[in-house]
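Chemist: Dropping the structure in here first, questions after.
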Amino acid sequence: MLSRSLLAVAALTAACPLSAQTAPVELAVNGGFETGDFTGWTLFPSAPGNIAVASPGSASAFAGCINNTTAPSASLIKNANIGIGIVQPGETVTVTFDAKGSTAIGGVAFAEFFSELAGGGVSRSVILGGGPLALDPDPNVWKSFSFTTVTGNDVAGGVTLQLAAITGAATGSVSNVCFDNVSVTVSRPAVTAVFSSFGAGCAGSAGTPALAVSQLPWFGSSFQVDLRNLAGNAGAVLFLGISNTQFGSSALPLDLGIIGMTGCTLYSSNEISLATTASAGTATFSIPLTSPSLIGVQFFNQGLAIDPSANPTGVVVSDAARAVVGLR
Ligand SMILES: [Ca+2]
């Protein structure tokens, strides 16, 4: 019996390698500068003439560039106070980015990482790599950097990645550096994404409205839900709710015949409602799943649409779905 148990354990281990059970969670905001500006970044000086988004980036459209020719001074960009509520004290963080540029006569580039207290101040401050970044000698060649570091004992204010171009005191000191593909990740248990339909819609003039998705709700994506079988250019709403058992003081599912929506049933609460207009019978809703706080969160969906001839109230509903935001 023992050997049979060991075999079972071995088979289970082979089927579920440990490496497949965690996934990186991206904390950086606009790390690729692909918004074409510094959205998500804090600049210093705050209104600099020497910090700009430039094209092209590293295998992409844009990069963030600092052209510091004022000696001695520091110009920097930072993703400040990211990962609040996600990153933990004493946890390993991986920082990667691409950089290129030229430094001379005492000019240097640094990547620094701070573990932030809630009210300002830090519990830990690290120069990634222990010193200036060793850029490629060719100022036009991007070089990839990768560091791991450990957070301090208090990260109530999240963490900050600061990328700095610093000049020395000597005349002619320069630090011209571009950064791109900036990533700050922590590792978390993987979560399987779920989108599972339940319940039934009620018939309208163009069939029974139905929810449909082309991909599952994965963290980091823009999750798209279609509401199909609607009348032409009908106004439509998608309920996003945390409950499939309670809508205000009413228990779910709730027969909507009581408000003139004959044969229609409500399955989801509506903590958030998204509204749009259908095109050719389909309404499309887009839900950004970019906040790490959404990982593993369960929510319910149900669509509603205007359909004046369908019932006395003139509103129909779709089936419903249970969704879980996955991490892979
Ligand atoms: Ca880029």
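The way I read the labels, and the way they are meant: chains A, B, ... in the order of the structure tokens, residue 1 as the first residue of every chain, and ligand 1 as the first ligand shown, with later ones counted on from there.
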List all protein, DNA and RNA residues that have an atom no more than 10 Å from any atom of ligand 1, counting only C-alpha atoms and all ligand atoms, and report them as a ChimeraX atom specification.
Modeler: /A:30-36,53-64,98,179-182
Chemist: Only N, CA and C atoms, please: the residues just picked out, written as an mmCIF file, in the first residue's frame.
Modeler:
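Result went into selection_24.cif, see below:
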data_model
loop_
_atom_site.group_PDB
_atom_site.id
_atom_site.type_symbol
_atom_site.label_atom_id
_atom_site.label_comp_id
_atom_site.auth_asym_id
_atom_site.auth_seq_id
_atom_site.Cartn_x
_atom_site.Cartn_y
_atom_site.Cartn_z
ATOM 1 N N ASN A 30 2.509 51.657 -16.830
ATOM 2 C CA ASN A 30 3.009 52.252 -18.082
ATOM 3 C C ASN A 30 4.521 52.067 -18.209
ATOM 4 N N GLY A 31 4.979 50.867 -17.867
ATOM 5 C CA GLY A 31 6.411 50.585 -17.892
ATOM 6 C C GLY A 31 7.016 50.617 -19.284
ATOM 7 N N GLY A 32 6.184 50.534 -20.302
ATOM 8 C CA GLY A 32 6.683 50.599 -21.669
ATOM 9 C C GLY A 32 6.516 51.958 -22.315
ATOM 10 N N PHE A 33 5.960 52.912 -21.594
ATOM 11 C CA PHE A 33 5.725 54.280 -22.095
ATOM 12 C C PHE A 33 4.852 54.289 -23.352
ATOM 13 N N GLU A 34 4.091 53.206 -23.546
ATOM 14 C CA GLU A 34 3.334 53.107 -24.802
ATOM 15 C C GLU A 34 2.082 53.978 -24.800
ATOM 16 N N THR A 35 1.820 54.676 -23.714
ATOM 17 C CA THR A 35 0.791 55.721 -23.768
ATOM 18 C C THR A 35 1.308 56.930 -24.550
ATOM 19 N N GLY A 36 2.631 56.949 -24.813
ATOM 20 C CA GLY A 36 3.221 58.097 -25.506
ATOM 21 C C GLY A 36 3.507 59.262 -24.575
ATOM 22 N N VAL A 53 9.361 61.605 -23.619
ATOM 23 C CA VAL A 53 9.122 60.325 -24.272
ATOM 24 C C VAL A 53 9.620 60.444 -25.707
ATOM 25 N N ALA A 54 10.422 59.456 -26.140
ATOM 26 C CA ALA A 54 11.025 59.500 -27.470
ATOM 27 C C ALA A 54 10.654 58.248 -28.261
ATOM 28 N N SER A 55 10.755 58.341 -29.574
ATOM 29 C CA SER A 55 10.498 57.219 -30.466
ATOM 30 C C SER A 55 11.751 56.902 -31.282
ATOM 31 N N PRO A 56 12.010 55.644 -31.644
ATOM 32 C CA PRO A 56 11.261 54.491 -31.154
ATOM 33 C C PRO A 56 11.767 54.053 -29.790
ATOM 34 N N GLY A 57 11.037 53.131 -29.177
ATOM 35 C CA GLY A 57 11.498 52.527 -27.940
ATOM 36 C C GLY A 57 12.284 51.259 -28.231
ATOM 37 N N SER A 58 12.466 50.440 -27.209
ATOM 38 C CA SER A 58 13.132 49.155 -27.364
ATOM 39 C C SER A 58 12.104 48.144 -27.863
ATOM 40 N N ALA A 59 12.180 47.806 -29.146
ATOM 41 C CA ALA A 59 11.216 46.897 -29.778
ATOM 42 C C ALA A 59 9.786 47.355 -29.533
ATOM 43 N N SER A 60 9.572 48.665 -29.573
ATOM 44 C CA SER A 60 8.246 49.220 -29.319
ATOM 45 C C SER A 60 8.225 50.659 -29.822
ATOM 46 N N ALA A 61 7.124 51.342 -29.594
ATOM 47 C CA ALA A 61 6.966 52.678 -30.171
ATOM 48 C C ALA A 61 7.674 53.765 -29.365
ATOM 49 N N PHE A 62 7.654 53.649 -28.035
ATOM 50 C CA PHE A 62 8.110 54.760 -27.202
ATOM 51 C C PHE A 62 9.045 54.298 -26.078
ATOM 52 N N ALA A 63 9.879 55.231 -25.635
ATOM 53 C CA ALA A 63 10.735 55.029 -24.459
ATOM 54 C C ALA A 63 10.752 56.324 -23.655
ATOM 55 N N GLY A 64 11.148 56.225 -22.404
ATOM 56 C CA GLY A 64 11.286 57.409 -21.560
ATOM 57 C C GLY A 64 12.747 57.806 -21.476
ATOM 58 N N ASP A 98 15.023 47.807 -20.017
ATOM 59 C CA ASP A 98 16.046 48.030 -21.031
ATOM 60 C C ASP A 98 16.534 49.467 -20.893
ATOM 61 N N PHE A 179 15.071 54.706 -21.018
ATOM 62 C CA PHE A 179 14.598 53.482 -20.368
ATOM 63 C C PHE A 179 13.341 52.977 -21.075
ATOM 64 N N ASP A 180 13.170 51.657 -21.079
ATOM 65 C CA ASP A 180 11.950 51.100 -21.672
ATOM 66 C C ASP A 180 11.681 49.710 -21.089
ATOM 67 N N ASN A 181 10.455 49.230 -21.331
ATOM 68 C CA ASN A 181 10.042 47.888 -20.900
ATOM 69 C C ASN A 181 10.332 47.671 -19.413
ATOM 70 N N VAL A 182 9.956 48.655 -18.619
ATOM 71 C CA VAL A 182 10.205 48.603 -17.182
ATOM 72 C C VAL A 182 9.174 47.690 -16.512
#
Chemist: Can you list, as a PyMOL selection string, every residue of stretch 210-289 of chain A that DSSP puts in strand (DSSP E)?
Modeler: chain A and resi 210-212+222-228+235-241+246-247+250-251+254-255+265-266+272-277+283-288
Chemist: Out of A:Glu26, A:Phe195, A:Ala80, A:Val184, which residue has the shortest atom-to-atom distance to A:Phe97 when counting only C-alpha atoms?
Modeler: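 That would be A:Val184, the residue with the smallest distance to A:Phe97.
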Chemist: Residues at most 6 Å from stretch 271-279 of chain A, counting only C-alpha atoms, excluding those fewer than 3 positions away in the same chain, as a PyMOL selection string?
Modeler: chain A and resi 233-241+282-283
Chemist: Could you save those same residues with N, CA and C atoms as a PDB file, in the first residue's frame?
Modeler:
ATOM      1  N   ASN A 233     -29.942  48.474 -32.645  1.00  0.00           N
ATOM      2  CA  ASN A 233     -29.027  49.343 -31.902  1.00  0.00           C
ATOM      3  C   ASN A 233     -29.545  49.609 -30.495  1.00  0.00           C
ATOM      4  N   ALA A 234     -30.008  48.582 -29.857  1.00  0.00           N
ATOM      5  CA  ALA A 234     -30.611  48.720 -28.533  1.00  0.00           C
ATOM      6  C   ALA A 234     -29.619  49.254 -27.507  1.00  0.00           C
ATOM      7  N   GLY A 235     -30.129  50.077 -26.603  1.00  0.00           N
ATOM      8  CA  GLY A 235     -29.342  50.439 -25.438  1.00  0.00           C
ATOM      9  C   GLY A 235     -29.181  49.225 -24.549  1.00  0.00           C
ATOM     10  N   ALA A 236     -27.986  49.031 -24.007  1.00  0.00           N
ATOM     11  CA  ALA A 236     -27.718  47.820 -23.231  1.00  0.00           C
ATOM     12  C   ALA A 236     -26.871  48.141 -22.014  1.00  0.00           C
ATOM     13  N   VAL A 237     -27.031  47.316 -20.989  1.00  0.00           N
ATOM     14  CA  VAL A 237     -26.309  47.483 -19.730  1.00  0.00           C
ATOM     15  C   VAL A 237     -25.769  46.118 -19.310  1.00  0.00           C
ATOM     16  N   LEU A 238     -24.559  46.112 -18.781  1.00  0.00           N
ATOM     17  CA  LEU A 238     -24.009  44.890 -18.185  1.00  0.00           C
ATOM     18  C   LEU A 238     -23.889  45.101 -16.685  1.00  0.00           C
ATOM     19  N   PHE A 239     -24.545  44.220 -15.932  1.00  0.00           N
ATOM     20  CA  PHE A 239     -24.394  44.232 -14.475  1.00  0.00           C
ATOM     21  C   PHE A 239     -23.134  43.456 -14.097  1.00  0.00           C
ATOM     22  N   LEU A 240     -22.325  44.042 -13.230  1.00  0.00           N
ATOM     23  CA  LEU A 240     -21.203  43.337 -12.619  1.00  0.00           C
ATOM     24  C   LEU A 240     -21.475  43.325 -11.120  1.00  0.00           C
ATOM     25  N   GLY A 241     -21.647  42.153 -10.561  1.00  0.00           N
ATOM     26  CA  GLY A 241     -22.046  42.074  -9.163  1.00  0.00           C
ATOM     27  C   GLY A 241     -21.196  41.117  -8.370  1.00  0.00           C
ATOM     28  N   THR A 282     -25.436  43.319 -31.313  1.00  0.00           N
ATOM     29  CA  THR A 282     -24.474  42.906 -30.282  1.00  0.00           C
ATOM     30  C   THR A 282     -23.929  44.130 -29.545  1.00  0.00           C
ATOM     31  N   ALA A 283     -23.975  44.087 -28.226  1.00  0.00           N
ATOM     32  CA  ALA A 283     -23.364  45.124 -27.389  1.00  0.00           C
ATOM     33  C   ALA A 283     -22.069  44.557 -26.817  1.00  0.00           C
TER      34      ALA A 283
END
Chemist: Report, in Å with one decimal, the straight-line distance from atom CA of A:Ser73 to atom CA of A:Gly120.
Modeler: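 Result for atom CA of A:Ser73 versus atom CA of A:Gly120: 23.2 Å, one decimal.
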Chemist: Quick one: which stretch 216-245 of chain A residues come within 12 Å of stretch 319-322 of chain A, and what is the nearest atom pair for each with the distance in Å to one decimal, counting only C-alpha atoms, rows ordered by chain and ascending number, as a Markdown table?
Modeler:
| residue | atom | partner | partner_atom | distance |
| --- | --- | --- | --- | --- |
| A:Leu216 | CA | A:Arg322 | CA | 11.3 |
| A:Pro217 | CA | A:Arg322 | CA | 10.7 |
| A:Val225 | CA | A:Ala321 | CA | 10.4 |
| A:Asp226 | CA | A:Asp319 | CA | 11.9 |
| A:Leu227 | CA | A:Asp319 | CA | 9.6 |
| A:Arg228 | CA | A:Asp319 | CA | 10.6 |
| A:Asn229 | CA | A:Asp319 | CA | 11.6 |
| A:Leu238 | CA | A:Ala320 | CA | 10.1 |
| A:Phe239 | CA | A:Ala320 | CA | 9.4 |
| A:Leu240 | CA | A:Ala321 | CA | 9.8 |
| A:Gly241 | CA | A:Arg322 | CA | 9.6 |
| A:Ile242 | CA | A:Arg322 | CA | 9.6 |
| A:Ser243 | CA | A:Arg322 | CA | 9.6 |
| A:Asn244 | CA | A:Arg322 | CA | 8.6 |
Chemist: Do a neighbour search on A:Glu91 at 9 Å with only C-alpha atoms, toss out local chain neighbours closer than 6 positions, and write the hits as a PyMOL selection string.
Modeler: chain A and resi 149-152+186
Chemist: Once you have the residues from the selection above, write them out as a compact mmCIF listing (two decimals), in the first residue's frame, restricted to N, CA and C atoms.
Modeler:
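That gives us again_6.txt:
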# COMPACT_ATOMS: atom_id res chain seq x y z
N THR A 149 15.48 41.91 -5.69
CA THR A 149 15.75 42.58 -4.44
C THR A 149 14.68 42.15 -3.45
N VAL A 150 14.89 42.49 -2.20
CA VAL A 150 13.94 42.10 -1.15
C VAL A 150 13.41 43.37 -0.49
N THR A 151 12.11 43.42 -0.27
CA THR A 151 11.51 44.61 0.33
C THR A 151 11.87 44.71 1.81
N GLY A 152 11.73 45.92 2.35
CA GLY A 152 11.98 46.15 3.77
C GLY A 152 10.85 45.62 4.64
N VAL A 186 6.11 40.77 -8.53
CA VAL A 186 6.16 39.84 -7.40
C VAL A 186 5.49 38.55 -7.87
Chemist: At a cut-off of 12 Å, using only C-alpha atoms, what residues contact stretch 247-257 of chain A? Leave out same-chain residues fewer than 6 positions from it and give the result as a PDB file with N, CA and C atoms, in the first residue's frame.
Modeler:
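To be explicit, this is the file written out as part_6.pdb:
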ATOM      1  N   PHE A 198     -24.747  30.550 -16.474  1.00  0.00           N
ATOM      2  CA  PHE A 198     -25.836  29.868 -15.773  1.00  0.00           C
ATOM      3  C   PHE A 198     -27.122  30.657 -15.994  1.00  0.00           C
ATOM      4  N   GLY A 199     -28.219  30.048 -15.668  1.00  0.00           N
ATOM      5  CA  GLY A 199     -29.504  30.709 -15.820  1.00  0.00           C
ATOM      6  C   GLY A 199     -29.905  30.817 -17.283  1.00  0.00           C
ATOM      7  N   ALA A 200     -31.001  31.536 -17.527  1.00  0.00           N
ATOM      8  CA  ALA A 200     -31.529  31.676 -18.884  1.00  0.00           C
ATOM      9  C   ALA A 200     -32.062  33.082 -19.084  1.00  0.00           C
ATOM     10  N   GLY A 201     -31.873  33.601 -20.282  1.00  0.00           N
ATOM     11  CA  GLY A 201     -32.415  34.903 -20.628  1.00  0.00           C
ATOM     12  C   GLY A 201     -33.896  34.799 -20.977  1.00  0.00           C
ATOM     13  N   CYS A 202     -34.497  35.962 -21.269  1.00  0.00           N
ATOM     14  CA  CYS A 202     -35.896  35.969 -21.690  1.00  0.00           C
ATOM     15  C   CYS A 202     -35.989  36.501 -23.117  1.00  0.00           C
ATOM     16  N   PHE A 239     -24.545  44.220 -15.932  1.00  0.00           N
ATOM     17  CA  PHE A 239     -24.394  44.232 -14.475  1.00  0.00           C
ATOM     18  C   PHE A 239     -23.134  43.456 -14.097  1.00  0.00           C
ATOM     19  N   LEU A 240     -22.325  44.042 -13.230  1.00  0.00           N
ATOM     20  CA  LEU A 240     -21.203  43.337 -12.619  1.00  0.00           C
ATOM     21  C   LEU A 240     -21.475  43.325 -11.120  1.00  0.00           C
ATOM     22  N   GLY A 241     -21.647  42.153 -10.561  1.00  0.00           N
ATOM     23  CA  GLY A 241     -22.046  42.074  -9.163  1.00  0.00           C
ATOM     24  C   GLY A 241     -21.196  41.117  -8.370  1.00  0.00           C
ATOM     25  N   GLY A 263     -41.327  36.661 -17.766  1.00  0.00           N
ATOM     26  CA  GLY A 263     -40.440  35.548 -18.111  1.00  0.00           C
ATOM     27  C   GLY A 263     -38.968  35.829 -17.897  1.00  0.00           C
ATOM     28  N   CYS A 264     -38.664  37.015 -17.363  1.00  0.00           N
ATOM     29  CA  CYS A 264     -37.251  37.380 -17.165  1.00  0.00           C
ATOM     30  C   CYS A 264     -36.851  37.145 -15.707  1.00  0.00           C
ATOM     31  N   THR A 265     -35.597  36.736 -15.507  1.00  0.00           N
ATOM     32  CA  THR A 265     -35.084  36.456 -14.167  1.00  0.00           C
ATOM     33  C   THR A 265     -33.778  37.212 -13.944  1.00  0.00           C
ATOM     34  N   LEU A 266     -33.670  37.833 -12.778  1.00  0.00           N
ATOM     35  CA  LEU A 266     -32.437  38.529 -12.404  1.00  0.00           C
ATOM     36  C   LEU A 266     -31.563  37.580 -11.590  1.00  0.00           C
ATOM     37  N   TYR A 267     -30.282  37.466 -11.986  1.00  0.00           N
ATOM     38  CA  TYR A 267     -29.378  36.524 -11.333  1.00  0.00           C
ATOM     39  C   TYR A 267     -28.216  37.193 -10.616  1.00  0.00           C
ATOM     40  N   SER A 268     -27.940  38.470 -10.928  1.00  0.00           N
ATOM     41  CA  SER A 268     -26.717  39.102 -10.427  1.00  0.00           C
ATOM     42  C   SER A 268     -27.009  40.430  -9.759  1.00  0.00           C
ATOM     43  N   SER A 269     -26.289  40.728  -8.693  1.00  0.00           N
ATOM     44  CA  SER A 269     -26.332  42.083  -8.143  1.00  0.00           C
ATOM     45  C   SER A 269     -25.586  43.017  -9.102  1.00  0.00           C
ATOM     46  N   ASN A 270     -25.659  44.314  -8.852  1.00  0.00           N
ATOM     47  CA  ASN A 270     -25.007  45.238  -9.807  1.00  0.00           C
ATOM     48  C   ASN A 270     -24.193  46.301  -9.082  1.00  0.00           C
ATOM     49  N   GLU A 271     -23.134  45.870  -8.437  1.00  0.00           N
ATOM     50  CA  GLU A 271     -22.223  46.820  -7.795  1.00  0.00           C
ATOM     51  C   GLU A 271     -21.641  47.797  -8.822  1.00  0.00           C
ATOM     52  N   PHE A 300     -20.129  38.315 -10.817  1.00  0.00           N
ATOM     53  CA  PHE A 300     -21.209  37.794 -11.643  1.00  0.00           C
ATOM     54  C   PHE A 300     -21.579  38.818 -12.707  1.00  0.00           C
ATOM     55  N   GLN A 302     -24.563  39.896 -15.843  1.00  0.00           N
ATOM     56  CA  GLN A 302     -25.820  39.679 -16.554  1.00  0.00           C
ATOM     57  C   GLN A 302     -26.109  40.921 -17.392  1.00  0.00           C
ATOM     58  N   LEU A 304     -28.657  43.435 -19.740  1.00  0.00           N
ATOM     59  CA  LEU A 304     -30.027  43.933 -19.911  1.00  0.00           C
ATOM     60  C   LEU A 304     -30.049  44.775 -21.181  1.00  0.00           C
ATOM     61  N   ASN A 311     -41.976  42.994 -23.780  1.00  0.00           N
ATOM     62  CA  ASN A 311     -42.838  42.805 -22.611  1.00  0.00           C
ATOM     63  C   ASN A 311     -43.323  44.186 -22.154  1.00  0.00           C
ATOM     64  N   PRO A 312     -44.223  44.263 -21.192  1.00  0.00           N
ATOM     65  CA  PRO A 312     -44.793  45.567 -20.793  1.00  0.00           C
ATOM     66  C   PRO A 312     -43.729  46.589 -20.373  1.00  0.00           C
ATOM     67  N   THR A 313     -42.635  46.161 -19.753  1.00  0.00           N
ATOM     68  CA  THR A 313     -41.603  47.105 -19.325  1.00  0.00           C
ATOM     69  C   THR A 313     -40.674  47.496 -20.467  1.00  0.00           C
ATOM     70  N   GLY A 314     -40.543  46.598 -21.459  1.00  0.00           N
ATOM     71  CA  GLY A 314     -39.694  46.912 -22.600  1.00  0.00           C
ATOM     72  C   GLY A 314     -38.222  46.695 -22.346  1.00  0.00           C
ATOM     73  N   VAL A 315     -37.930  45.794 -21.418  1.00  0.00           N
ATOM     74  CA  VAL A 315     -36.527  45.459 -21.120  1.00  0.00           C
ATOM     75  C   VAL A 315     -36.391  43.940 -21.055  1.00  0.00           C
ATOM     76  N   VAL A 316     -35.322  43.415 -21.681  1.00  0.00           N
ATOM     77  CA  VAL A 316     -35.061  41.979 -21.600  1.00  0.00           C
ATOM     78  C   VAL A 316     -33.705  41.756 -20.938  1.00  0.00           C
ATOM     79  N   VAL A 317     -33.513  40.534 -20.453  1.00  0.00           N
ATOM     80  CA  VAL A 317     -32.231  40.191 -19.826  1.00  0.00           C
ATOM     81  C   VAL A 317     -31.649  38.946 -20.478  1.00  0.00           C
ATOM     82  N   ASP A 319     -28.856  35.469 -20.115  1.00  0.00           N
ATOM     83  CA  ASP A 319     -28.400  34.521 -19.102  1.00  0.00           C
ATOM     84  C   ASP A 319     -27.350  35.236 -18.238  1.00  0.00           C
ATOM     85  N   ALA A 320     -26.799  34.534 -17.283  1.00  0.00           N
ATOM     86  CA  ALA A 320     -25.810  35.130 -16.391  1.00  0.00           C
ATOM     87  C   ALA A 320     -24.523  34.313 -16.457  1.00  0.00           C
TER      88      ALA A 320
END
Chemist: Give me the residues within 7 Å of A:Val325 as a PyMOL selection string, counting only C-alpha atoms and dropping any in the same chain fewer than 2 places off.
Modeler: chain A and resi 193-194+217-219+294-298+323+327
Chemist: Find the distance between atom CA of A:Asn79 and atom CA of A:Pro132 and write it in Å to one decimal.
Modeler: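 Result for atom CA of A:Asn79 versus atom CA of A:Pro132: 19.0 Å, one decimal.
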Chemist: So, counting only C-alpha atoms, which residue among A:Pro24, A:Gly119, A:Asp37, A:Ile66 is closest to A:Asn50?
Modeler: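 Among the listed residues, A:Ile66 lies closest to A:Asn50.
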Chemist: Could you tell me which of A:Asp136, A:Val159, A:Gly204, A:Ser187 comes closest to A:Ser123 if we count only C-alpha atoms?
Modeler: A:Val159
Chemist: Give me the residues near A:Ala118 as a list in words, where near means some atom within 8 Å (using only C-alpha atoms) and where sequence neighbours in that chain fewer than 4 positions away do not count.
Modeler: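 Near neighbours after the sequence-gap exclusion: Val155, Ala156, Gly157 and Gly158 of chain A.
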Chemist: Dump C-alpha atoms for the selected residues as a PDB file, in the first residue's frame?
Modeler:
ATOM      1  CA  VAL A 155       5.764  48.465   2.642  1.00  0.00           C
ATOM      2  CA  ALA A 156       2.480  50.074   3.667  1.00  0.00           C
ATOM      3  CA  GLY A 157       3.264  52.765   1.076  1.00  0.00           C
ATOM      4  CA  GLY A 158       4.119  50.226  -1.622  1.00  0.00           C
TER       5      GLY A 158
END
